[in-house]
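Structure file work.cif (mmCIF, C-alpha atoms and all ligand atoms) is printed below.
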data_work
#
loop_
_atom_site.group_PDB
_atom_site.id
_atom_site.type_symbol
_atom_site.label_atom_id
_atom_site.label_comp_id
_atom_site.auth_asym_id
_atom_site.auth_seq_id
_atom_site.Cartn_x
_atom_site.Cartn_y
_atom_site.Cartn_z
ATOM 1 C CA MET D 1440 14.530 64.029 -54.526
ATOM 2 C CA GLU D 1441 16.224 60.722 -53.830
ATOM 3 C CA TYR D 1442 13.812 57.905 -53.174
ATOM 4 C CA ILE D 1443 13.087 54.181 -53.362
ATOM 5 C CA PHE D 1444 9.911 52.835 -54.928
ATOM 6 C CA LYS D 1445 8.824 49.245 -54.351
ATOM 7 C CA GLN D 1446 5.869 47.850 -56.178
ATOM 8 C CA GLY D 1447 3.397 46.038 -53.927
ATOM 9 C CA LYS D 1448 0.409 43.822 -54.663
ATOM 10 C CA THR D 1449 -2.422 45.127 -56.828
ATOM 11 C CA ASN D 1450 -4.984 47.224 -54.952
ATOM 12 C CA LYS D 1451 -2.743 47.670 -51.946
ATOM 13 C CA PRO D 1452 -2.112 51.141 -50.515
ATOM 14 C CA THR D 1453 1.191 52.984 -50.764
ATOM 15 C CA PHE D 1454 3.342 53.723 -47.746
ATOM 16 C CA LEU D 1455 5.147 57.041 -47.884
ATOM 17 C CA LEU D 1456 8.204 56.539 -45.671
ATOM 18 C CA LEU D 1457 9.816 59.593 -44.078
ATOM 19 C CA HIS D 1458 12.940 59.093 -41.980
ATOM 20 C CA GLY D 1459 14.233 61.045 -38.959
ATOM 21 C CA THR D 1460 17.026 63.635 -38.923
ATOM 22 C CA GLY D 1461 20.261 62.110 -40.163
ATOM 23 C CA GLY D 1462 18.512 59.145 -41.750
ATOM 24 C CA THR D 1463 18.060 57.904 -45.299
ATOM 25 C CA GLU D 1464 15.352 56.358 -47.436
ATOM 26 C CA GLU D 1465 16.566 52.923 -46.299
ATOM 27 C CA ASP D 1466 15.750 53.437 -42.608
ATOM 28 C CA LEU D 1467 12.039 52.746 -42.454
ATOM 29 C CA LEU D 1468 11.883 49.962 -45.054
ATOM 30 C CA PRO D 1469 11.743 47.300 -42.286
ATOM 31 C CA LEU D 1470 8.754 49.099 -40.731
ATOM 32 C CA ALA D 1471 6.803 48.978 -43.976
ATOM 33 C CA GLU D 1472 7.644 45.289 -44.215
ATOM 34 C CA MET D 1473 6.374 44.681 -40.661
ATOM 35 C CA ILE D 1474 3.184 46.707 -41.038
ATOM 36 C CA ASP D 1475 2.116 45.480 -44.480
ATOM 37 C CA PRO D 1476 4.595 43.570 -46.655
ATOM 38 C CA GLU D 1477 2.212 43.777 -49.618
ATOM 39 C CA ALA D 1478 1.935 47.587 -49.705
ATOM 40 C CA ASN D 1479 3.693 49.716 -52.317
ATOM 41 C CA VAL D 1480 6.527 51.725 -50.803
ATOM 42 C CA LEU D 1481 7.625 55.239 -51.700
ATOM 43 C CA SER D 1482 10.511 56.042 -49.382
ATOM 44 C CA VAL D 1483 11.951 59.528 -49.676
ATOM 45 C CA ARG D 1484 15.238 61.062 -48.580
ATOM 46 C CA GLY D 1485 15.001 64.525 -47.039
ATOM 47 C CA SER D 1486 16.788 66.981 -49.298
ATOM 48 C CA VAL D 1487 17.904 69.459 -46.627
ATOM 49 C CA ASP D 1488 21.501 68.969 -45.516
ATOM 50 C CA GLU D 1489 22.120 70.021 -41.911
ATOM 51 C CA ASN D 1490 25.816 69.492 -41.265
ATOM 52 C CA GLY D 1491 25.744 66.280 -43.252
ATOM 53 C CA MET D 1492 22.406 65.102 -41.822
ATOM 54 C CA ASN D 1493 19.404 64.662 -44.111
ATOM 55 C CA ARG D 1494 16.218 66.424 -43.077
ATOM 56 C CA PHE D 1495 12.885 67.249 -44.701
ATOM 57 C CA PHE D 1496 12.936 70.969 -43.819
ATOM 58 C CA LYS D 1497 15.228 73.479 -42.152
ATOM 59 C CA ARG D 1498 15.157 74.386 -38.494
ATOM 60 C CA LEU D 1499 16.415 77.427 -36.645
ATOM 61 C CA ALA D 1500 17.251 75.444 -33.505
ATOM 62 C CA GLU D 1501 16.285 72.065 -32.085
ATOM 63 C CA GLY D 1502 12.498 71.976 -32.086
ATOM 64 C CA VAL D 1503 12.231 75.441 -33.694
ATOM 65 C CA PHE D 1504 11.200 75.113 -37.316
ATOM 66 C CA ASP D 1505 11.912 77.407 -40.240
ATOM 67 C CA GLU D 1506 8.244 77.816 -41.170
ATOM 68 C CA GLU D 1507 8.795 79.311 -44.589
ATOM 69 C CA ASP D 1508 11.017 76.402 -45.538
ATOM 70 C CA LEU D 1509 8.585 73.912 -43.987
ATOM 71 C CA ILE D 1510 5.748 75.292 -46.121
ATOM 72 C CA GLU D 1511 7.829 75.118 -49.313
ATOM 73 C CA ARG D 1512 9.125 71.609 -48.663
ATOM 74 C CA THR D 1513 5.657 70.375 -47.762
ATOM 75 C CA GLU D 1514 4.378 71.622 -51.096
ATOM 76 C CA GLU D 1515 7.335 70.014 -52.845
ATOM 77 C CA LEU D 1516 6.629 66.676 -51.142
ATOM 78 C CA ASN D 1517 2.942 66.883 -51.985
ATOM 79 C CA ASN D 1518 3.793 67.490 -55.663
ATOM 80 C CA PHE D 1519 6.355 64.698 -55.568
ATOM 81 C CA ILE D 1520 3.763 62.156 -54.360
ATOM 82 C CA GLU D 1521 1.467 63.244 -57.161
ATOM 83 C CA ALA D 1522 4.214 62.932 -59.772
ATOM 84 C CA LYS D 1523 5.289 59.488 -58.548
ATOM 85 C CA SER D 1524 1.707 58.227 -58.444
ATOM 86 C CA ASN D 1525 1.478 59.068 -62.158
ATOM 87 C CA GLU D 1526 4.859 57.561 -62.952
ATOM 88 C CA TYR D 1527 4.315 54.289 -61.049
ATOM 89 C CA GLN D 1528 0.551 54.167 -61.422
ATOM 90 C CA PHE D 1529 -0.336 53.828 -57.760
ATOM 91 C CA ASP D 1530 -3.582 55.238 -56.381
ATOM 92 C CA ARG D 1531 -2.907 58.794 -55.158
ATOM 93 C CA LYS D 1532 -5.913 58.502 -52.865
ATOM 94 C CA GLN D 1533 -4.460 55.506 -51.022
ATOM 95 C CA VAL D 1534 -1.275 56.890 -49.535
ATOM 96 C CA TYR D 1535 -0.418 56.365 -45.849
ATOM 97 C CA ALA D 1536 2.519 58.234 -44.364
ATOM 98 C CA ILE D 1537 4.839 56.455 -41.972
ATOM 99 C CA GLY D 1538 7.168 59.024 -40.435
ATOM 100 C CA TYR D 1539 9.621 59.157 -37.591
ATOM 101 C CA SER D 1540 10.623 62.377 -35.820
ATOM 102 C CA ASN D 1541 11.526 64.934 -38.521
ATOM 103 C CA GLY D 1542 9.743 62.668 -41.026
ATOM 104 C CA ALA D 1543 6.650 62.523 -38.790
ATOM 105 C CA ASN D 1544 6.745 66.311 -38.641
ATOM 106 C CA ILE D 1545 6.624 66.780 -42.396
ATOM 107 C CA ALA D 1546 3.892 64.131 -42.601
ATOM 108 C CA GLY D 1547 1.982 66.182 -40.007
ATOM 109 C CA SER D 1548 2.638 69.257 -42.109
ATOM 110 C CA LEU D 1549 1.065 67.560 -45.152
ATOM 111 C CA LEU D 1550 -2.066 67.025 -43.046
ATOM 112 C CA PHE D 1551 -1.987 70.611 -41.775
ATOM 113 C CA HIS D 1552 -1.764 72.109 -45.264
ATOM 114 C CA TYR D 1553 -3.566 69.826 -47.708
ATOM 115 C CA GLU D 1554 -6.955 68.175 -47.717
ATOM 116 C CA ASN D 1555 -7.058 64.582 -48.981
ATOM 117 C CA THR D 1556 -3.288 64.319 -49.348
ATOM 118 C CA LEU D 1557 -3.065 61.233 -47.121
ATOM 119 C CA LYS D 1558 -5.470 58.378 -46.515
ATOM 120 C CA GLY D 1559 -3.972 58.003 -43.044
ATOM 121 C CA ALA D 1560 -0.758 58.424 -41.103
ATOM 122 C CA MET D 1561 1.465 56.615 -38.630
ATOM 123 C CA LEU D 1562 3.474 59.244 -36.826
ATOM 124 C CA PHE D 1563 6.282 58.183 -34.522
ATOM 125 C CA HIS D 1564 7.539 60.842 -32.093
ATOM 126 C CA PRO D 1565 5.909 63.801 -33.847
ATOM 127 C CA MET D 1566 5.582 67.460 -32.879
ATOM 128 C CA VAL D 1567 3.080 70.118 -33.900
ATOM 129 C CA PRO D 1568 4.415 71.293 -37.283
ATOM 130 C CA ARG D 1569 2.845 74.774 -37.123
ATOM 131 C CA ARG D 1570 0.629 76.609 -34.690
ATOM 132 C CA GLY D 1571 -2.047 79.237 -35.195
ATOM 133 C CA ILE D 1572 -3.232 78.156 -38.625
ATOM 134 C CA GLU D 1573 -6.532 76.810 -39.825
ATOM 135 C CA LEU D 1574 -6.361 73.124 -40.698
ATOM 136 C CA PRO D 1575 -8.170 71.530 -43.632
ATOM 137 C CA ASN D 1576 -11.077 69.198 -43.048
ATOM 138 C CA LEU D 1577 -9.668 65.852 -41.869
ATOM 139 C CA ASP D 1578 -13.005 64.095 -41.600
ATOM 140 C CA GLN D 1579 -12.493 60.570 -40.188
ATOM 141 C CA LEU D 1580 -8.845 60.517 -41.232
ATOM 142 C CA PRO D 1581 -7.139 57.783 -39.205
ATOM 143 C CA VAL D 1582 -3.901 58.736 -37.448
ATOM 144 C CA PHE D 1583 -1.734 56.603 -35.180
ATOM 145 C CA ILE D 1584 0.760 58.381 -32.932
ATOM 146 C CA GLY D 1585 3.569 56.541 -31.178
ATOM 147 C CA ALA D 1586 5.205 58.818 -28.632
ATOM 148 C CA GLY D 1587 7.508 58.817 -25.638
ATOM 149 C CA GLU D 1588 6.327 59.915 -22.188
ATOM 150 C CA ASN D 1589 9.919 60.984 -21.580
ATOM 151 C CA ASP D 1590 11.028 62.028 -25.056
ATOM 152 C CA PRO D 1591 13.460 64.951 -24.670
ATOM 153 C CA ILE D 1592 13.293 65.890 -28.393
ATOM 154 C CA CYS D 1593 9.560 65.590 -29.036
ATOM 155 C CA PRO D 1594 8.017 66.461 -25.645
ATOM 156 C CA LYS D 1595 4.856 64.709 -24.469
ATOM 157 C CA GLN D 1596 2.837 67.922 -24.664
ATOM 158 C CA GLU D 1597 3.639 68.220 -28.385
ATOM 159 C CA SER D 1598 2.099 64.827 -29.174
ATOM 160 C CA GLU D 1599 -0.904 65.628 -27.004
ATOM 161 C CA ASP D 1600 -1.411 68.993 -28.710
ATOM 162 C CA LEU D 1601 -1.027 67.374 -32.117
ATOM 163 C CA LYS D 1602 -3.700 64.798 -31.264
ATOM 164 C CA GLU D 1603 -6.057 67.533 -30.111
ATOM 165 C CA LEU D 1604 -5.496 69.714 -33.170
ATOM 166 C CA LEU D 1605 -6.031 66.820 -35.580
ATOM 167 C CA GLU D 1606 -9.123 65.634 -33.706
ATOM 168 C CA SER D 1607 -10.675 69.073 -33.579
ATOM 169 C CA ASN D 1608 -10.572 69.029 -37.383
ATOM 170 C CA GLY D 1609 -12.235 65.646 -37.626
ATOM 171 C CA ALA D 1610 -9.370 63.157 -37.600
ATOM 172 C CA SER D 1611 -9.608 59.958 -35.614
ATOM 173 C CA VAL D 1612 -6.410 59.697 -33.583
ATOM 174 C CA GLU D 1613 -5.023 56.867 -31.486
ATOM 175 C CA ILE D 1614 -1.997 57.498 -29.346
ATOM 176 C CA PHE D 1615 0.340 54.892 -27.875
ATOM 177 C CA TRP D 1616 2.779 55.890 -25.151
ATOM 178 C CA GLU D 1617 6.225 54.436 -24.693
ATOM 179 C CA ASN D 1618 8.868 55.390 -22.149
ATOM 180 C CA GLN D 1619 12.070 54.905 -24.109
ATOM 181 C CA GLY D 1620 12.845 58.552 -24.787
ATOM 182 C CA HIS D 1621 13.090 59.454 -28.465
ATOM 183 C CA GLN D 1622 13.686 55.880 -29.517
ATOM 184 C CA LEU D 1623 11.305 54.214 -31.950
ATOM 185 C CA THR D 1624 10.543 50.876 -30.338
ATOM 186 C CA ARG D 1625 9.345 47.527 -31.612
ATOM 187 C CA ARG D 1626 6.281 47.816 -29.375
ATOM 188 C CA GLU D 1627 5.250 51.030 -31.093
ATOM 189 C CA VAL D 1628 5.552 49.400 -34.502
ATOM 190 C CA ASP D 1629 3.558 46.364 -33.320
ATOM 191 C CA GLN D 1630 0.846 48.696 -32.032
ATOM 192 C CA ALA D 1631 0.839 50.597 -35.320
ATOM 193 C CA LYS D 1632 0.419 47.329 -37.190
ATOM 194 C CA GLU D 1633 -2.486 46.308 -34.961
ATOM 195 C CA TRP D 1634 -4.095 49.703 -35.578
ATOM 196 C CA TYR D 1635 -3.517 49.480 -39.361
ATOM 197 C CA ASP D 1636 -4.903 45.939 -39.564
ATOM 198 C CA LYS D 1637 -8.198 47.181 -38.096
ATOM 199 C CA LEU D 1638 -8.687 49.983 -40.650
HETATM 200 C C1 LIG T 1701 12.572 68.238 -36.011
HETATM 201 O O1 LIG T 1701 13.450 69.055 -36.182
HETATM 202 O O2 LIG T 1701 11.810 67.853 -36.897
HETATM 203 C C2 LIG T 1701 12.432 67.691 -34.621
HETATM 204 O O3 LIG T 1701 13.177 68.435 -33.726
HETATM 205 C C3 LIG T 1701 12.794 66.262 -34.538
HETATM 206 C C4 LIG T 1701 14.160 66.004 -35.073
HETATM 207 O O4 LIG T 1701 15.148 66.321 -34.438
HETATM 208 O O5 LIG T 1701 14.236 65.481 -36.153
#
Structure re-expressed in structure tokens:
Amino acid sequence: MEYIFKQGKTNKPTFLLLHGTGGTEEDLLPLAEMIDPEANVLSVRGSVDENGMNRFFKRLAEGVFDEEDLIERTEELNNFIEAKSNEYQFDRKQVYAIGYSNGANIAGSLLFHYENTLKGAMLFHPMVPRRGIELPNLDQLPVFIGAGENDPICPKQESEDLKELLESNGASVEIFWENQGHQLTRREVDQAKEWYDKL
């Protein structure tokens, strides 16, 4: 997997950055800088190529995920975080995901499949990664969701369902609504920072 690692200040958490479809590991670096410039950064490039666009897992159609591939890639990402935490000596227990769109969906999938894989998550324009499965215990896990009331790609109901599913397994979820479609806005990032600063 292609990635960027940036060493932060001692005892700071690590931000796992996960871009949207067609993005790269460079895309969310400014977000990490805005939210906590002292955090370590592990920014990953999705290794699925969809007509030249990088993604974190395959899809059958827009909004219809290839579940088998999603499960495999989620495991691969989980192992990758573990391997990099050993290589760069960051605390595996202090990893926060920051994901946008497809990246938010694989971050959500980490939470749906693994207990204690993330310390928290900032999910921008996410969907429900899988339905009809039992989630691990997410006791008190803090999650921020930034979503669009009028997002044509990640519909409002998806973010609402995701919040409910995470909460019913113990997570503590805050949702912030924008009305700029699928766009990730400055206001969402400012809200995420405010949320993170209070953790
Ligand atoms: C996905 O495939 O993960 C979602 O449809 C969002 C996106 O287009 O990246």
Point-to-point distance from CA of Glu1627 (chain D) to CA of Ile1614 (chain D), Å rounded to tenths: 9.9 Å
Residue nearest ligand LIG 1701 (chain T) among D:Val1487, D:Ile1592, D:Ile1584, D:Val1480 (counting all atoms listed in the file):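 Smallest distance to ligand LIG 1701 (chain T) is found for D:Ile1592.
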Near-ligand residues for ligand LIG 1701 (chain T), threshold 9 Å, only C-alpha atoms and all ligand atoms, as number ranges by chain: D: 1458-1461, 1494-1504, 1539-1545, 1564-1566, 1568, 1592-1593
File dump, residues just selected, C-alpha atoms, as a compact mmCIF listing (two decimals), in the frame of the given file:
# COMPACT_ATOMS: atom_id res chain seq x y z
CA HIS D 1458 12.94 59.09 -41.98
CA GLY D 1459 14.23 61.04 -38.96
CA THR D 1460 17.03 63.64 -38.92
CA GLY D 1461 20.26 62.11 -40.16
CA ARG D 1494 16.22 66.42 -43.08
CA PHE D 1495 12.88 67.25 -44.70
CA PHE D 1496 12.94 70.97 -43.82
CA LYS D 1497 15.23 73.48 -42.15
CA ARG D 1498 15.16 74.39 -38.49
CA LEU D 1499 16.42 77.43 -36.65
CA ALA D 1500 17.25 75.44 -33.51
CA GLU D 1501 16.28 72.06 -32.08
CA GLY D 1502 12.50 71.98 -32.09
CA VAL D 1503 12.23 75.44 -33.69
CA PHE D 1504 11.20 75.11 -37.32
CA TYR D 1539 9.62 59.16 -37.59
CA SER D 1540 10.62 62.38 -35.82
CA ASN D 1541 11.53 64.93 -38.52
CA GLY D 1542 9.74 62.67 -41.03
CA ALA D 1543 6.65 62.52 -38.79
CA ASN D 1544 6.74 66.31 -38.64
CA ILE D 1545 6.62 66.78 -42.40
CA HIS D 1564 7.54 60.84 -32.09
CA PRO D 1565 5.91 63.80 -33.85
CA MET D 1566 5.58 67.46 -32.88
CA PRO D 1568 4.42 71.29 -37.28
CA ILE D 1592 13.29 65.89 -28.39
CA CYS D 1593 9.56 65.59 -29.04
Selection result of the PyMOL selection byres (((chain D and resi 1600) around 12) and not hetatm) on this file, as a ChimeraX atom specification: /D:1565-1570,1584,1593-1599,1601-1607,1612,1614
Output check: residues returned by the PyMOL selection byres (((chain D and resi 1465-1478) around 6) and not hetatm), as a count of residues only: 9
Residues matched by the PyMOL selection byres (((chain D and resi 1553) around 12) and not hetatm) as an MDAnalysis selection string: chainID D and resid 1510 1513:1514 1516:1518 1545:1552 1554:1558 1573:1577
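The space separating CA of Ala1631 (chain D) from CA of Phe1583 (chain D) comes to 6.5 Å.
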Residue with smallest distance to Met1440 (chain D) - pool D:Phe1519, D:Phe1563, D:Trp1634, D:Tyr1535, counting all atoms listed in the file: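 Checking each candidate against Met1440 (chain D), we get D:Phe1519 as the closest.
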Straight-line distance linking CA of Phe1454 (chain D) with CA of Asp1590 (chain D), stated in Å to one decimal: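 CA of Asp1590 (chain D) lies at a distance of 25.4 Å from CA of Phe1454 (chain D).
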Some atoms are absent from region 1614-1638 of chain D, so rebuild N, CA and C atoms and return them as an mmCIF file, keeping the file's coordinate frame.
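Final output, rebuild23.cif:
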data_model
loop_
_atom_site.group_PDB
_atom_site.id
_atom_site.type_symbol
_atom_site.label_atom_id
_atom_site.label_comp_id
_atom_site.auth_asym_id
_atom_site.auth_seq_id
_atom_site.Cartn_x
_atom_site.Cartn_y
_atom_site.Cartn_z
ATOM 1 N N ILE D 1614 -3.356 57.226 -29.803
ATOM 2 C CA ILE D 1614 -1.997 57.498 -29.346
ATOM 3 C C ILE D 1614 -1.506 56.353 -28.469
ATOM 4 N N PHE D 1615 -0.274 55.955 -28.678
ATOM 5 C CA PHE D 1615 0.340 54.892 -27.875
ATOM 6 C C PHE D 1615 1.590 55.447 -27.221
ATOM 7 N N TRP D 1616 1.654 55.305 -25.902
ATOM 8 C CA TRP D 1616 2.779 55.890 -25.151
ATOM 9 C C TRP D 1616 3.838 54.850 -24.819
ATOM 10 N N GLU D 1617 5.056 55.233 -25.080
ATOM 11 C CA GLU D 1617 6.225 54.436 -24.693
ATOM 12 C C GLU D 1617 7.002 55.234 -23.659
ATOM 13 N N ASN D 1618 8.030 54.629 -23.096
ATOM 14 C CA ASN D 1618 8.868 55.390 -22.149
ATOM 15 C C ASN D 1618 10.353 55.149 -22.414
ATOM 16 N N GLN D 1619 10.677 55.135 -23.700
ATOM 17 C CA GLN D 1619 12.070 54.905 -24.109
ATOM 18 C C GLN D 1619 12.652 56.151 -24.780
ATOM 19 N N GLY D 1620 12.305 57.316 -24.241
ATOM 20 C CA GLY D 1620 12.845 58.552 -24.787
ATOM 21 C C GLY D 1620 12.425 58.757 -26.235
ATOM 22 N N HIS D 1621 13.387 59.148 -27.059
ATOM 23 C CA HIS D 1621 13.090 59.454 -28.465
ATOM 24 C C HIS D 1621 13.155 58.213 -29.358
ATOM 25 N N GLN D 1622 13.515 57.112 -28.733
ATOM 26 C CA GLN D 1622 13.686 55.880 -29.517
ATOM 27 C C GLN D 1622 12.362 55.357 -30.105
ATOM 28 N N LEU D 1623 12.452 54.885 -31.312
ATOM 29 C CA LEU D 1623 11.305 54.214 -31.950
ATOM 30 C C LEU D 1623 11.408 52.739 -31.594
ATOM 31 N N THR D 1624 10.423 52.239 -30.860
ATOM 32 C CA THR D 1624 10.543 50.876 -30.338
ATOM 33 C C THR D 1624 9.712 49.872 -31.143
ATOM 34 N N ARG D 1625 10.054 48.634 -30.973
ATOM 35 C CA ARG D 1625 9.345 47.527 -31.612
ATOM 36 C C ARG D 1625 7.869 47.514 -31.179
ATOM 37 N N ARG D 1626 7.666 47.818 -29.887
ATOM 38 C CA ARG D 1626 6.281 47.816 -29.375
ATOM 39 C C ARG D 1626 5.414 48.849 -30.083
ATOM 40 N N GLU D 1627 6.005 49.986 -30.370
ATOM 41 C CA GLU D 1627 5.250 51.030 -31.093
ATOM 42 C C GLU D 1627 4.863 50.549 -32.490
ATOM 43 N N VAL D 1628 5.817 49.880 -33.137
ATOM 44 C CA VAL D 1628 5.552 49.400 -34.502
ATOM 45 C C VAL D 1628 4.486 48.298 -34.456
ATOM 46 N N ASP D 1629 4.570 47.420 -33.453
ATOM 47 C CA ASP D 1629 3.558 46.364 -33.320
ATOM 48 C C ASP D 1629 2.173 46.980 -33.093
ATOM 49 N N GLN D 1630 2.128 48.018 -32.288
ATOM 50 C CA GLN D 1630 0.846 48.696 -32.032
ATOM 51 C C GLN D 1630 0.311 49.356 -33.306
ATOM 52 N N ALA D 1631 1.243 49.944 -34.067
ATOM 53 C CA ALA D 1631 0.839 50.597 -35.320
ATOM 54 C C ALA D 1631 0.277 49.552 -36.279
ATOM 55 N N LYS D 1632 0.896 48.394 -36.303
ATOM 56 C CA LYS D 1632 0.419 47.329 -37.190
ATOM 57 C C LYS D 1632 -0.977 46.879 -36.778
ATOM 58 N N GLU D 1633 -1.174 46.719 -35.469
ATOM 59 C CA GLU D 1633 -2.486 46.308 -34.961
ATOM 60 C C GLU D 1633 -3.553 47.339 -35.353
ATOM 61 N N TRP D 1634 -3.191 48.597 -35.210
ATOM 62 C CA TRP D 1634 -4.095 49.703 -35.578
ATOM 63 C C TRP D 1634 -4.401 49.656 -37.076
ATOM 64 N N TYR D 1635 -3.371 49.492 -37.882
ATOM 65 C CA TYR D 1635 -3.517 49.480 -39.361
ATOM 66 C C TYR D 1635 -4.377 48.289 -39.805
ATOM 67 N N ASP D 1636 -4.158 47.140 -39.183
ATOM 68 C CA ASP D 1636 -4.903 45.939 -39.564
ATOM 69 C C ASP D 1636 -6.399 46.091 -39.327
ATOM 70 N N LYS D 1637 -6.766 46.991 -38.415
ATOM 71 C CA LYS D 1637 -8.198 47.181 -38.096
ATOM 72 C C LYS D 1637 -8.874 48.231 -38.981
ATOM 73 N N LEU D 1638 -8.099 48.907 -39.823
ATOM 74 C CA LEU D 1638 -8.687 49.983 -40.650
ATOM 75 C C LEU D 1638 -9.642 49.416 -41.692
#
